[in-house]
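**Student:** What follows is a structure written as structure tokens; I'll ask about it next.
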Amino acid sequence: MGLDTDTFRQVCASVERFVEERLIPNEARIEAEDDVPREIVQEMREMGLFGLTIAPDYGGLGLNMRQEAEIMMIVGRAATAFRSVFGTNIGIGSQGIVIDGTDAQKAEYLPRLATGEIVSSFALTEPDAGSDASAIRTRADKDGDAYILNGTKRYITNAPRAGLFTVMARSEPDQKGAAGISAFLVPADLPGLRLGQPDRKMGQRGTKTCDVIFEDVRVPAENIVGGVPGRGFKTAMKVLDRGRINIAASATGTASRLIAESLAYAHERKTFGKPIAEHQLVMAMLADSQTEHYAAQCMVRDAAALYDREGKAIQEASCAKYFCTEMVGRVADRAVQIHGGAGYMAEYAVERIYRDVRLLRIYEGTSQIQQLVIARSISRTWQESH
Ligand code: COS
């Protein structure tokens with residue numbers, strides 16, 4: 001899978017133009033309105049951004065992981081809210097179906113996800129289950145040829161926009177932990193499904209999250225991803241592996257923007273008779289940020305290439321997510337420092353980005369969860385060879 005080199009180059013060039021000419025100039029508007037303008041969403045649909053990773057048979061562009069990562073490094077330069085609009089359709093909202101769905105599920109949902117006709121959402125987290133994902137309590141009780149869902153999902157990205165949820169729920173009461181969980185495809189208009197109040201967040205304005213509440217929602221058994229109950233936890237983990245490379249790439253893109261903003265300011269701002277870009281302590285900060293950005297870029301490209309070769313990259317996806325999201329936190333901190341007092345003011349992009357990137361270290365698996373996955377993986381390899 002993947003686009004040929006020439007076509008992919010053209011896609012990159014048009015996404016680059018879109019980011020520079022349409023997204024970055026509209027960032028202030030998102031901050032003011034707490035939403036992504038309708039016309040921008042429509043332009044995203046027309047460019048095919050909702051279908052980047054969905055196979056051409058279902059109307060998408062069929063990018064491979066390396067290509068997805070390159071696009072995310074470009075889109076990551078603009079405010080996170082833009083990526084969030086189509087991010088679930090190319091990632092956690094669609095990949096359950098892409099990776100583990102039946103042919104009928106693919107045919108039913110992927111074409112509409114690829115065009116952006118419907119937005120999708122991934123509902124795993126609960127009030128009492130975040131990092132410990134297999135502790136979820138949402139129940140799916142079998143009732144004839146359907147399941148009845150009851151429970152609450154929390155901080156669900158794109159829930160207010162979603163037409164389709166992938167919901168992880170406990171369908172096998174006799175099985176404890178991960179083995180008792182199934183992933184259900186739940187259309188948003190099913191009776192009994194309702195949304196909580198929009199969450200008020202530290203940053204990422206324009207990104208929509210809220211609770212999703214299920215009260216006796218009747219879901220046909222055929223809506224279990226892959227048609228077999230009890231496999232939902234593994235589907236969720238596979239979806240998150242891919243998602244983690246996507247987040248790592250976005251973080252890397254945001255770091256490049258922060259460096260560009262820092263350079264522009266450091267060349268314009270003068271102290272002690274010269275631009276601050278010529279002061280060695282500022283130069284050191286710029287150099288550290290550039291070095292870390294380069295390391296992140298290499299890591300993202302390597303993890304994505306491994307994913308394409310082997311169909312998975314669990315350890316490397318966690319390494320990349322961990323490093324790149326922590327890295328962009330440090331780069332954002334230096335960017336604010338380089339801007340001095342101005343960096344604390346809302347007129348400057350770095351003030352917003354500083355708040356926006358804080359979430360990257362938390363969602364789709366905290367840094368501590370990534371450490372756990374990485375350490376477990378290398379220990380397993382060590383044990384197998386001893
Ligand atoms: N791909 C495929 N299968 C996986 C997997 C992966 N990446 N990770 C785990 N599994 C499988 C395991 O192989 C195991 O299968 P078997 O029972 O057949 O051996 C099963 O899933 C359970 O795995 P494990 O015992 O490792 O589960 P834990 O409960 O210990 O949880 C962590 C593992 C902590 C890694 C998991 O809960 C996690 O990723 N938590 C973070 C969740 C998260 O990212 N939340 C963010 C919100 S969603 S935006």
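So you can find residues: chains in the structure tokens are A, B, ... in the order shown, residues in each start at 1, and ligands are numbered from 1 in order.
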Based on DSSP run over this structure's backbone, return all residues of range 139-256 of chain A in helix (DSSP H, G or I), as a PyMOL selection string.
**Tutor:** chain A and resi 159-161+177-180+221-223+225-227+232-256
**Student:** Give me a file of those residues, with N, CA, C and O atoms, as a compact mmCIF listing (two decimals), in the first residue's frame.
**Tutor:**
# COMPACT_ATOMS: atom_id res chain seq x y z
N ALA A 159 -16.22 13.49 19.85
CA ALA A 159 -17.56 12.97 20.14
C ALA A 159 -18.67 13.94 19.69
O ALA A 159 -19.65 13.51 19.09
N PRO A 160 -18.49 15.26 19.93
CA PRO A 160 -19.58 16.16 19.51
C PRO A 160 -19.79 16.20 17.99
O PRO A 160 -20.84 16.64 17.52
N ARG A 161 -18.77 15.78 17.22
CA ARG A 161 -18.91 15.82 15.76
C ARG A 161 -19.23 14.45 15.19
O ARG A 161 -19.50 14.32 14.00
N GLY A 177 -10.55 -8.85 32.80
CA GLY A 177 -9.50 -8.10 32.10
C GLY A 177 -9.72 -8.02 30.60
O GLY A 177 -10.85 -8.00 30.11
N ALA A 178 -8.59 -8.03 29.89
CA ALA A 178 -8.60 -7.74 28.45
C ALA A 178 -9.46 -8.71 27.66
O ALA A 178 -10.11 -8.33 26.68
N ALA A 179 -9.49 -9.98 28.07
CA ALA A 179 -10.16 -11.01 27.26
C ALA A 179 -11.68 -10.83 27.19
O ALA A 179 -12.32 -11.36 26.30
N GLY A 180 -12.25 -10.06 28.11
CA GLY A 180 -13.71 -9.93 28.13
C GLY A 180 -14.25 -8.74 27.34
O GLY A 180 -15.44 -8.45 27.38
N ALA A 221 -25.38 -7.50 17.07
CA ALA A 221 -24.16 -8.27 17.29
C ALA A 221 -23.22 -8.17 16.08
O ALA A 221 -22.00 -8.25 16.22
N GLU A 222 -23.80 -7.97 14.91
CA GLU A 222 -22.96 -7.89 13.70
C GLU A 222 -22.07 -6.63 13.71
O GLU A 222 -21.18 -6.49 12.88
N ASN A 223 -22.33 -5.70 14.67
CA ASN A 223 -21.49 -4.50 14.76
C ASN A 223 -20.23 -4.70 15.60
O ASN A 223 -19.47 -3.76 15.83
N VAL A 225 -16.58 -5.37 15.96
CA VAL A 225 -15.49 -5.27 14.98
C VAL A 225 -14.91 -6.67 14.74
O VAL A 225 -14.53 -7.36 15.69
N GLY A 226 -14.91 -7.06 13.48
CA GLY A 226 -14.37 -8.38 13.12
C GLY A 226 -15.37 -9.51 13.34
O GLY A 226 -15.10 -10.65 12.96
N GLY A 227 -16.50 -9.21 13.96
CA GLY A 227 -17.56 -10.21 14.12
C GLY A 227 -17.36 -11.20 15.25
O GLY A 227 -18.21 -12.03 15.51
N GLY A 232 -11.76 -7.12 21.42
CA GLY A 232 -11.76 -5.66 21.35
C GLY A 232 -10.54 -5.00 21.95
O GLY A 232 -10.07 -3.97 21.45
N PHE A 233 -9.98 -5.59 23.01
CA PHE A 233 -8.81 -4.97 23.64
C PHE A 233 -7.62 -5.00 22.68
O PHE A 233 -6.92 -4.00 22.51
N LYS A 234 -7.46 -6.14 22.02
CA LYS A 234 -6.32 -6.23 21.08
C LYS A 234 -6.51 -5.29 19.90
O LYS A 234 -5.56 -4.66 19.43
N THR A 235 -7.76 -5.19 19.44
CA THR A 235 -8.03 -4.22 18.36
C THR A 235 -7.64 -2.82 18.83
O THR A 235 -6.94 -2.09 18.12
N ALA A 236 -8.06 -2.47 20.05
CA ALA A 236 -7.75 -1.13 20.57
C ALA A 236 -6.24 -0.92 20.65
O ALA A 236 -5.73 0.15 20.29
N MET A 237 -5.51 -1.90 21.08
CA MET A 237 -4.04 -1.77 21.22
C MET A 237 -3.39 -1.59 19.84
O MET A 237 -2.47 -0.79 19.67
N LYS A 238 -3.89 -2.34 18.86
CA LYS A 238 -3.30 -2.22 17.51
C LYS A 238 -3.59 -0.84 16.93
O LYS A 238 -2.74 -0.23 16.28
N VAL A 239 -4.80 -0.36 17.19
CA VAL A 239 -5.18 0.98 16.72
C VAL A 239 -4.27 2.02 17.37
O VAL A 239 -3.76 2.94 16.71
N LEU A 240 -4.02 1.85 18.67
CA LEU A 240 -3.20 2.83 19.39
C LEU A 240 -1.75 2.79 18.93
O LEU A 240 -1.09 3.83 18.88
N ASP A 241 -1.23 1.61 18.57
CA ASP A 241 0.15 1.54 18.08
C ASP A 241 0.33 2.46 16.87
O ASP A 241 1.27 3.23 16.79
N ARG A 242 -0.60 2.32 15.93
CA ARG A 242 -0.50 3.16 14.74
C ARG A 242 -0.71 4.63 15.12
O ARG A 242 0.01 5.51 14.66
N GLY A 243 -1.68 4.85 16.00
CA GLY A 243 -1.97 6.22 16.43
C GLY A 243 -0.77 6.88 17.10
O GLY A 243 -0.57 8.08 16.99
N ARG A 244 0.03 6.08 17.78
CA ARG A 244 1.17 6.65 18.49
C ARG A 244 2.23 7.17 17.53
O ARG A 244 2.90 8.18 17.81
N ILE A 245 2.39 6.52 16.40
CA ILE A 245 3.34 7.03 15.40
C ILE A 245 2.78 8.33 14.81
O ILE A 245 3.51 9.30 14.58
N ASN A 246 1.48 8.35 14.61
CA ASN A 246 0.83 9.56 14.09
C ASN A 246 1.05 10.75 15.05
O ASN A 246 1.43 11.84 14.63
N ILE A 247 0.86 10.51 16.34
CA ILE A 247 1.04 11.61 17.32
C ILE A 247 2.51 12.03 17.36
O ILE A 247 2.83 13.22 17.44
N ALA A 248 3.41 11.06 17.29
CA ALA A 248 4.84 11.38 17.31
C ALA A 248 5.18 12.28 16.13
O ALA A 248 5.92 13.27 16.26
N ALA A 249 4.61 11.98 14.97
CA ALA A 249 4.88 12.78 13.77
C ALA A 249 4.30 14.18 13.92
O ALA A 249 4.95 15.18 13.58
N SER A 250 3.09 14.26 14.47
CA SER A 250 2.47 15.58 14.65
C SER A 250 3.30 16.43 15.60
O SER A 250 3.51 17.63 15.37
N ALA A 251 3.77 15.81 16.69
CA ALA A 251 4.60 16.54 17.66
C ALA A 251 5.86 17.07 16.98
O ALA A 251 6.30 18.20 17.24
N THR A 252 6.42 16.26 16.09
CA THR A 252 7.64 16.65 15.39
C THR A 252 7.35 17.85 14.47
O THR A 252 8.15 18.79 14.39
N GLY A 253 6.19 17.81 13.82
CA GLY A 253 5.79 18.94 12.97
C GLY A 253 5.63 20.20 13.80
O GLY A 253 6.06 21.29 13.40
N THR A 254 5.02 20.06 14.97
CA THR A 254 4.82 21.24 15.83
C THR A 254 6.16 21.80 16.30
O THR A 254 6.35 23.02 16.40
N ALA A 255 7.12 20.91 16.56
CA ALA A 255 8.45 21.38 16.98
C ALA A 255 9.08 22.22 15.87
O ALA A 255 9.73 23.24 16.14
N SER A 256 8.89 21.82 14.61
CA SER A 256 9.50 22.60 13.53
C SER A 256 8.87 23.99 13.47
O SER A 256 9.54 24.99 13.21
**Student:** Which residues of range 279-360 of chain A sit at most 12 Å from range 368-375 of chain A, using only C-alpha atoms? Give each one's shortest atom pair and distance in Å (one decimal place), in chain and ascending residue order, as JSON lines.
**Tutor:**
{"residue": "A:Ala313", "atom": "CA", "partner": "A:Ile374", "partner_atom": "CA", "distance": 11.0}
{"residue": "A:Ile314", "atom": "CA", "partner": "A:Val373", "partner_atom": "CA", "distance": 8.0}
{"residue": "A:Gln315", "atom": "CA", "partner": "A:Ile374", "partner_atom": "CA", "distance": 5.3}
{"residue": "A:Glu316", "atom": "CA", "partner": "A:Ile374", "partner_atom": "CA", "distance": 7.9}
{"residue": "A:Ala317", "atom": "CA", "partner": "A:Gln370", "partner_atom": "CA", "distance": 8.7}
{"residue": "A:Ser318", "atom": "CA", "partner": "A:Gln370", "partner_atom": "CA", "distance": 5.0}
{"residue": "A:Cys319", "atom": "CA", "partner": "A:Ile374", "partner_atom": "CA", "distance": 6.7}
{"residue": "A:Ala320", "atom": "CA", "partner": "A:Gln370", "partner_atom": "CA", "distance": 9.1}
{"residue": "A:Lys321", "atom": "CA", "partner": "A:Gln370", "partner_atom": "CA", "distance": 7.4}
{"residue": "A:Tyr322", "atom": "CA", "partner": "A:Gln370", "partner_atom": "CA", "distance": 6.0}
{"residue": "A:Phe323", "atom": "CA", "partner": "A:Gln370", "partner_atom": "CA", "distance": 9.5}
{"residue": "A:Cys324", "atom": "CA", "partner": "A:Gln370", "partner_atom": "CA", "distance": 11.6}
{"residue": "A:Thr325", "atom": "CA", "partner": "A:Gln370", "partner_atom": "CA", "distance": 11.0}
{"residue": "A:Glu326", "atom": "CA", "partner": "A:Gln368", "partner_atom": "CA", "distance": 11.1}
**Student:** Would you kindly return, as a list in words, each protein, DNA or RNA residue with an atom no farther than 10 Å from any atom of Phe122 in chain A, considering only C-alpha atoms and excluding same-chain residues fewer than 2 positions away?
**Tutor:** Thr88, Asn89, Gly91, Ile92, Gly93, Ser94, Gln95, Gly96, Ser120, Leu124, Thr125, Lys153, Ile156, Thr157, Asn158, Ala159, Ala162, Leu164, Phe165, Thr166, Val167, Met168, Ala183, Leu185, Ala236 and Val239 of chain A
**Student:** Choose the residue, out of A:Leu63, A:Ile99, A:Met73, A:Ala305, that has the smallest atom-to-atom separation from ligand 1; count only C-alpha atoms and all ligand atoms.
**Tutor:** A:Ile99
**Student:** Between A:Ile181, A:Leu195, A:Val11, A:Ile118, which one has atoms that come closest to ligand 1, using only C-alpha atoms and all ligand atoms?
**Tutor:**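 With only C-alpha atoms and all ligand atoms as the atom set, the closest residue is A:Ile181.
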**Student:** Compare A:Leu190, A:Ile362, A:Met72, A:Ala133 by their minimum atom-to-atom distance to ligand 1, counting only C-alpha atoms and all ligand atoms, and give me the closest one.
**Tutor:**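 Nearest to ligand 1: A:Ala133.
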**Student:** Find the spatial neighbours of range 205-220 of chain A, counting only C-alpha atoms, within a cut-off of 7 Å - ignore same-chain residues fewer than 2 positions away - and output them as a PyMOL selection string.
**Tutor:** chain A and resi 30-31+34-36+81+84+145-160+186+190-199+203+222-223
**Student:** Suppose we keep N, CA and C atoms; can you now write the selection as a CSV table (one decimal), in the first residue's frame?
**Tutor:**
chain,number,residue,atom,x,y,z
A,30,ILE,N,-9.6,30.2,15.4
A,30,ILE,CA,-10.0,29.0,16.2
A,30,ILE,C,-9.9,29.3,17.6
A,31,GLU,N,-8.9,30.1,18.0
A,31,GLU,CA,-8.7,30.4,19.4
A,31,GLU,C,-9.9,31.3,19.9
A,34,ASP,N,-13.3,28.9,19.3
A,34,ASP,CA,-13.2,27.5,19.8
A,34,ASP,C,-13.9,26.5,18.9
A,35,ASP,N,-13.6,26.7,17.6
A,35,ASP,CA,-14.1,25.7,16.6
A,35,ASP,C,-13.3,25.9,15.3
A,36,VAL,N,-13.3,24.9,14.5
A,36,VAL,CA,-12.7,25.0,13.2
A,36,VAL,C,-13.7,25.5,12.2
A,81,ALA,N,-5.9,21.7,16.5
A,81,ALA,CA,-7.4,21.6,16.3
A,81,ALA,C,-7.6,21.2,14.8
A,84,SER,N,-7.1,17.5,14.5
A,84,SER,CA,-8.1,16.8,15.2
A,84,SER,C,-9.4,16.6,14.4
A,145,ASP,N,-30.0,-11.2,19.2
A,145,ASP,CA,-29.0,-11.0,18.2
A,145,ASP,C,-28.4,-9.6,18.4
A,146,ALA,N,-28.5,-9.1,19.6
A,146,ALA,CA,-27.9,-7.7,19.9
A,146,ALA,C,-27.2,-7.7,21.2
A,147,TYR,N,-26.6,-6.6,21.5
A,147,TYR,CA,-26.0,-6.3,22.8
A,147,TYR,C,-26.6,-5.0,23.4
A,148,ILE,N,-26.8,-4.9,24.7
A,148,ILE,CA,-27.3,-3.7,25.3
A,148,ILE,C,-26.1,-3.0,26.0
A,149,LEU,N,-25.8,-1.8,25.6
A,149,LEU,CA,-24.6,-1.1,26.1
A,149,LEU,C,-25.1,-0.1,27.2
A,150,ASN,N,-24.3,-0.2,28.3
A,150,ASN,CA,-24.5,0.7,29.4
A,150,ASN,C,-23.2,1.2,30.0
A,151,GLY,N,-23.0,2.5,30.2
A,151,GLY,CA,-21.7,3.0,30.7
A,151,GLY,C,-21.4,4.4,30.3
A,152,THR,N,-20.3,4.9,30.8
A,152,THR,CA,-19.9,6.3,30.4
A,152,THR,C,-18.5,6.3,29.9
A,153,LYS,N,-18.2,6.9,28.8
A,153,LYS,CA,-16.9,7.1,28.2
A,153,LYS,C,-16.5,8.6,28.4
A,154,ARG,N,-15.2,8.8,28.7
A,154,ARG,CA,-14.8,10.2,29.1
A,154,ARG,C,-13.7,10.7,28.2
A,155,TYR,N,-13.7,12.1,28.0
A,155,TYR,CA,-12.7,12.8,27.2
A,155,TYR,C,-12.7,12.3,25.8
A,156,ILE,N,-13.8,12.0,25.2
A,156,ILE,CA,-13.8,11.3,23.9
A,156,ILE,C,-13.6,12.4,22.8
A,157,THR,N,-12.5,12.3,22.1
A,157,THR,CA,-12.1,13.3,21.0
A,157,THR,C,-13.1,13.1,19.9
A,158,ASN,N,-13.6,14.3,19.5
A,158,ASN,CA,-14.5,14.4,18.3
A,158,ASN,C,-15.9,13.8,18.6
A,159,ALA,N,-16.2,13.5,19.8
A,159,ALA,CA,-17.6,13.0,20.1
A,159,ALA,C,-18.7,13.9,19.7
A,160,PRO,N,-18.5,15.3,19.9
A,160,PRO,CA,-19.6,16.2,19.5
A,160,PRO,C,-19.8,16.2,18.0
A,186,VAL,N,-20.8,1.8,16.8
A,186,VAL,CA,-22.0,2.3,17.3
A,186,VAL,C,-22.4,3.6,16.6
A,190,LEU,N,-28.1,6.1,17.5
A,190,LEU,CA,-28.9,5.0,18.2
A,190,LEU,C,-29.5,5.5,19.5
A,191,PRO,N,-30.8,5.1,19.7
A,191,PRO,CA,-31.5,5.6,20.9
A,191,PRO,C,-30.7,5.2,22.2
A,192,GLY,N,-30.7,6.1,23.1
A,192,GLY,CA,-30.0,5.9,24.4
A,192,GLY,C,-28.6,6.4,24.5
A,193,LEU,N,-28.0,6.8,23.3
A,193,LEU,CA,-26.7,7.4,23.3
A,193,LEU,C,-26.8,8.9,23.5
A,194,ARG,N,-26.1,9.5,24.5
A,194,ARG,CA,-26.2,10.9,24.5
A,194,ARG,C,-24.8,11.5,24.9
A,195,LEU,N,-24.6,12.8,24.7
A,195,LEU,CA,-23.3,13.4,24.9
A,195,LEU,C,-23.4,14.3,26.2
A,196,GLY,N,-22.2,14.3,26.9
A,196,GLY,CA,-22.2,15.2,28.0
A,196,GLY,C,-21.8,16.7,27.6
A,197,GLN,N,-21.6,17.6,28.5
A,197,GLN,CA,-21.3,18.9,28.2
A,197,GLN,C,-19.9,18.9,27.6
A,198,PRO,N,-19.6,19.9,26.7
A,198,PRO,CA,-18.3,20.0,26.1
A,198,PRO,C,-17.2,20.2,27.2
A,199,ASP,N,-16.1,19.5,27.2
A,199,ASP,CA,-15.0,19.7,28.2
A,199,ASP,C,-14.4,21.1,28.0
A,203,GLY,N,-5.9,23.8,26.8
A,203,GLY,CA,-5.5,24.3,25.5
A,203,GLY,C,-6.2,23.5,24.4
A,222,GLU,N,-23.8,-8.0,14.9
A,222,GLU,CA,-23.0,-7.9,13.7
A,222,GLU,C,-22.1,-6.6,13.7
A,223,ASN,N,-22.3,-5.7,14.7
A,223,ASN,CA,-21.5,-4.5,14.8
A,223,ASN,C,-20.2,-4.7,15.6
**Student:** Excluding Ile40 in chain A and residues on its chain fewer than 4 positions from it, collect all residues at most 8 Å away from it, counting only C-alpha atoms, and give them as a PyMOL selection string.
**Tutor:** chain A and resi 22-23+36+44
**Student:** Have a look at CA of Asp288 in chain A and CA of Arg355 in chain A and let me know their distance in Å, one decimal.
**Tutor:** 20.5 Å
**Student:** Taking only C-alpha atoms and all ligand atoms into account, name the residue in A:Glu16, A:Glu126, A:Glu68, A:Glu21 that is nearest to ligand 1.
**Tutor:**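 The closest residue to ligand 1 is A:Glu126.
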**Student:** What is the distance, in Å and to one decimal place, between CA of Arg77 in chain A and CA of Tyr265 in chain A?
**Tutor:**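 Computed distance, CA of Arg77 in chain A to CA of Tyr265 in chain A, equals 16.7 Å.
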**Student:** Find the spatial neighbours of range 339-346 of chain A, counting only C-alpha atoms, within a cut-off of 10 Å - ignore same-chain residues fewer than 2 positions away - and output them as an MDAnalysis selection string.
**Tutor:** chainID A and resid 28 31 261:266 269 276 332:337 348:352 354
**Student:** In Å, rounded to a single decimal, give me how far atom 40 (N, counted along the ligand's line) of ligand 1 is from CA of Asp174 in chain A.
**Tutor:**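 Separation of CA of Asp174 in chain A and atom 40 (N, counted along the ligand's line) of ligand 1: 21.8 Å.
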**Student:** May I have the residues within 12 Å of Asn64 in chain A as a list in words, using only C-alpha atoms and disregarding those fewer than 5 positions away in the same chain?
**Tutor:**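 Result of the neighbour search: Met1, Gly2, Leu3, Asp4, Thr5, Phe8, Leu52, Thr53, Ile54, Ala55, Pro56, Ala69, Glu70, Ile71, Ile90, Arg242, Ile245, Asn246, Arg301, Ala304, Ala305, Leu306, Tyr307, Asp308, Arg309 and Gly311 of chain A.
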**Student:** Would you mind telling me which residue in A:Cys298, A:Ile224, A:Ala135, A:Leu286 lies nearest to ligand 1 when using only C-alpha atoms and all ligand atoms?
**Tutor:**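 Result for the nearest residue to ligand 1: A:Ala135.
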**Student:** In terms of the shortest atom-to-atom distance over only C-alpha atoms, which of A:Thr115, A:Thr366, A:Ser171, A:Ser182 is closest to Gly48 in chain A?
**Tutor:**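 Closest residue, counting only C-alpha atoms: A:Thr115.
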